[in-house]
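Novice: Here it is: the structure, laid out below.
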Amino acid sequence: MIKTIVVTGASRGIGYQTALQLSNQGHNVIATARTESNLQKLSSDAPSGTITPVVADLTDPDEIQNIAKSAKHFNGIDGLINNAGLVHRESFMETDINSFQKLMDVNVFGIVRLVKTLKPLMTEGSHILNISSMSGYQGSLKFPGLSAYGAAKAAVIGLSEVLSAEFAEDKISVNCLAIGAVQTEMLSEAFPGFEAPVSPEQMGGYVADFILNGHQFYNGKVLPVALNDPS
C-alpha cells in the first residue's frame with residue numbers, strides 16, 4: 001500500500017536518507033527543509049514523482065502552511081516524521097537565554113506548529129514519529145555543553161507522550177525515538193572528530209521502517225536507539 005509521509009529536516013543526514021528510502025519503496029514523500037538546493041538534490045536522487053520538496057522554516061507559521069498545501073494534493077497524510085532539529089554546544093553559564101529559546105523554537109515549537117497544522121489532514125491509523133536524542137533521554141549519559149539541546153530534546157519526549165494520549169481517540173499513534181550517535185553533519189558540528197558507529201543510511205532505513213510499521217506495535221512509547229550510551 002502506497003502511503004504519504006511528511007519528513008522534516010530532509011535536506012541532510014537522517015532526514016535525507018529516510019525520505020530517500022521511503023521514496024525508493026514507492027511511497028509519496030513530502031520532504032521539507034530550509035535549504036532548497038539540498039531538497040532539489042534529494043528529489044533528483046529519488047524515483048520520479050515520489051518526492052515533493054517544500055522549502056519551509058518551521059519557526060514561520062506562514063511557511064508551514066506551504067507544507068499543508070502540498071499535503072492536500074494527496075488523500076490524507078499517513079505519517080509525519082518530525083526530524084528537523086538544531087544543536088548548540090556551549091557551557092551552560094556561557095549559553096545565553098536567546099540560544100535556549102532558539103533551540104526550543106526549532107526543536108519543540110516547530111513540532112507543535114506542524115502537528116497543529118497537519119493533524120486535520122491525517123487519516124485514521126496514521127503515525128506521528130518524533131525524533132529526539134539520547135541527550136534528552138532520562139538516565140542516559142550526558143555531555144557538558146548540551147544543556148539547551150538536551151532540554152529541548154527532553155521536551156520533545158514529554159510532548160510525544162502526552163500527544164499519544166490525546167490523539168488515541170482519533171486512532172493516530174504517536175511515538176518518539178531517542179537516537180544515539182549517528183555520523184551526520186550535526187554530530188560533526190557538535191563533536192568535531194568523533195566517529196559514530198551508525199551511518200545516516202542505516203538510521204534512515206530504521207526510521208523509514210518504523211514510520212511504516214512501528215505503530216502496529218507501539219503507541220506513546222519513547223524508544224532509545226543507540227548501540228551504546230552516547231548523546
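Please note that chains go A, B, ... in the order of the C-alpha cells, that every chain numbers its residues from 1, and that ligands are numbered from 1 in the order shown.
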List the neighbours of Ser91 in chain A out to 9 Å using only C-alpha atoms; skip same-chain residues closer than 5 positions along the sequence, and give me the result as a PDB file with C-alpha atoms, in the first residue's frame.
Specialist:
ATOM      1  CA  PRO A 144      28.821  19.061  29.083  1.00  0.00           C
ATOM      2  CA  GLY A 145      27.807  21.817  26.709  1.00  0.00           C
ATOM      3  CA  LEU A 146      24.482  20.343  25.636  1.00  0.00           C
ATOM      4  CA  SER A 147      22.180  21.869  28.241  1.00  0.00           C
TER       5      SER A 147
END
Novice: Please return as number ranges by chain: the residues of range 15-225 of chain A that backbone DSSP assigns to alpha helix (DSSP H).
Specialist: A: 15-24, 36-45, 61-71, 97-104, 110-118, 147-166, 185-190, 200-213
Novice: For the strand (DSSP E or B) assignment from backbone DSSP, which residues of range 10-106 of chain A qualify? Please present them as number ranges by chain.
Specialist: A: 28-33, 51-55, 77-82
Novice: Store the residues of this selection in a file with N, CA, C and O atoms, as a compact mmCIF listing (two decimals), in the first residue's frame.
Specialist:
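To be explicit, this is the file written out as result-v3.txt:
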# COMPACT_ATOMS: atom_id res chain seq x y z
N ASN A 28 4.83 8.16 -1.35
CA ASN A 28 4.84 9.60 -1.62
C ASN A 28 5.46 10.32 -0.42
O ASN A 28 4.99 10.15 0.70
N VAL A 29 6.48 11.09 -0.67
CA VAL A 29 7.18 11.78 0.41
C VAL A 29 7.11 13.28 0.19
O VAL A 29 7.51 13.78 -0.87
N ILE A 30 6.60 13.99 1.19
CA ILE A 30 6.68 15.45 1.21
C ILE A 30 7.88 15.79 2.07
O ILE A 30 7.86 15.61 3.29
N ALA A 31 8.96 16.22 1.43
CA ALA A 31 10.23 16.47 2.11
C ALA A 31 10.41 17.96 2.32
O ALA A 31 10.37 18.74 1.36
N THR A 32 10.62 18.35 3.55
CA THR A 32 10.71 19.77 3.84
C THR A 32 11.98 20.10 4.62
O THR A 32 12.48 19.31 5.42
N ALA A 33 12.53 21.26 4.33
CA ALA A 33 13.73 21.78 5.00
C ALA A 33 13.89 23.23 4.58
O ALA A 33 13.12 23.74 3.75
N ILE A 51 8.87 12.27 -4.60
CA ILE A 51 9.24 13.26 -3.58
C ILE A 51 8.72 14.63 -3.99
O ILE A 51 8.97 15.10 -5.12
N THR A 52 8.02 15.26 -3.07
CA THR A 52 7.57 16.63 -3.26
C THR A 52 8.38 17.52 -2.32
O THR A 52 8.17 17.48 -1.11
N PRO A 53 9.34 18.30 -2.84
CA PRO A 53 10.14 19.16 -1.97
C PRO A 53 9.39 20.44 -1.61
O PRO A 53 8.77 21.06 -2.47
N VAL A 54 9.43 20.80 -0.34
CA VAL A 54 8.80 22.04 0.12
C VAL A 54 9.79 22.79 1.01
O VAL A 54 10.17 22.29 2.09
N VAL A 55 10.21 23.95 0.57
CA VAL A 55 11.12 24.77 1.38
C VAL A 55 10.29 25.45 2.47
O VAL A 55 9.33 26.17 2.17
N ILE A 77 -2.69 12.30 5.00
CA ILE A 77 -1.31 12.02 5.38
C ILE A 77 -1.31 10.78 6.26
O ILE A 77 -2.06 10.68 7.23
N ASP A 78 -0.45 9.84 5.93
CA ASP A 78 -0.36 8.60 6.70
C ASP A 78 0.72 8.65 7.76
O ASP A 78 0.70 7.87 8.71
N GLY A 79 1.69 9.53 7.58
CA GLY A 79 2.78 9.59 8.53
C GLY A 79 3.45 10.95 8.55
O GLY A 79 3.53 11.64 7.53
N LEU A 80 3.94 11.34 9.73
CA LEU A 80 4.67 12.59 9.90
C LEU A 80 5.92 12.29 10.72
O LEU A 80 5.81 11.82 11.86
N ILE A 81 7.08 12.54 10.15
CA ILE A 81 8.34 12.36 10.86
C ILE A 81 8.90 13.72 11.21
O ILE A 81 9.36 14.46 10.33
N ASN A 82 8.85 14.07 12.48
CA ASN A 82 9.38 15.35 12.94
C ASN A 82 10.86 15.17 13.27
O ASN A 82 11.25 14.90 14.41
Novice: So that I can check the surroundings of range 124-137 of chain A, please list as an NGL selection string every protein, DNA and RNA residue that reaches within 6 Å of it, counting only C-alpha atoms and ignoring chain neighbours fewer than 4 positions away.
Specialist: :A and (78-83 or 150 or 153-154 or 171-180 or 231)
Novice: Taking only C-alpha atoms into account, name the residue in A:His88, A:Tyr218, A:Pro224, A:Thr35 that is nearest to Gln138 in chain A.
Specialist: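 The shortest atom-to-atom distance to Gln138 in chain A comes from A:Pro224.
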Novice: Counting only C-alpha atoms, figure out which residue out of A:Pro47, A:Pro200, A:Gly85, A:Gly214 gets nearest to Val106 in chain A.
Specialist: A:Gly85
Novice: Can you pull out the residues contacting Ala46 in chain A? Cut-off 8 Å, using only C-alpha atoms, and skip same-chain residues under 2 positions away; I want them as a list in words.
Specialist: Leu20, Ser23, Asn24, Leu42, Ser43, Ser44, Ser48, Thr50 and Ile51 of chain A
Novice: Using only C-alpha atoms, find the one residue out of A:Ala148, A:Ile67, A:Leu39, A:Ala226 that sits nearest to Asn98 in chain A.
Specialist: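 The answer is A:Ala148, which sits nearest to Asn98 in chain A.
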Novice: Between A:Ile111, A:His27, A:Gln21, A:Leu58, which has the minimum distance to Met1 in chain A (counting only C-alpha atoms)?
Specialist: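 Among A:Ile111, A:His27, A:Gln21, A:Leu58, it is A:His27 that comes nearest to Met1 in chain A.
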Novice: For Lys69 in chain A, which residue out of A:Tyr16, A:Gln25, A:Ser164, A:Leu121 is the nearest one, using only C-alpha atoms?
Specialist: A:Leu121
Novice: Suppose you want the space between CA of Tyr149 in chain A and CA of Val87 in chain A; what is it in Å?
Specialist: 5.7 Å
Novice: Pick the closest to Ala71 in chain A from A:Lys3, A:Lys102, A:Arg34, A:Lys41: which is it, counting only C-alpha atoms?
Specialist: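 Among the listed residues, A:Lys3 lies closest to Ala71 in chain A.
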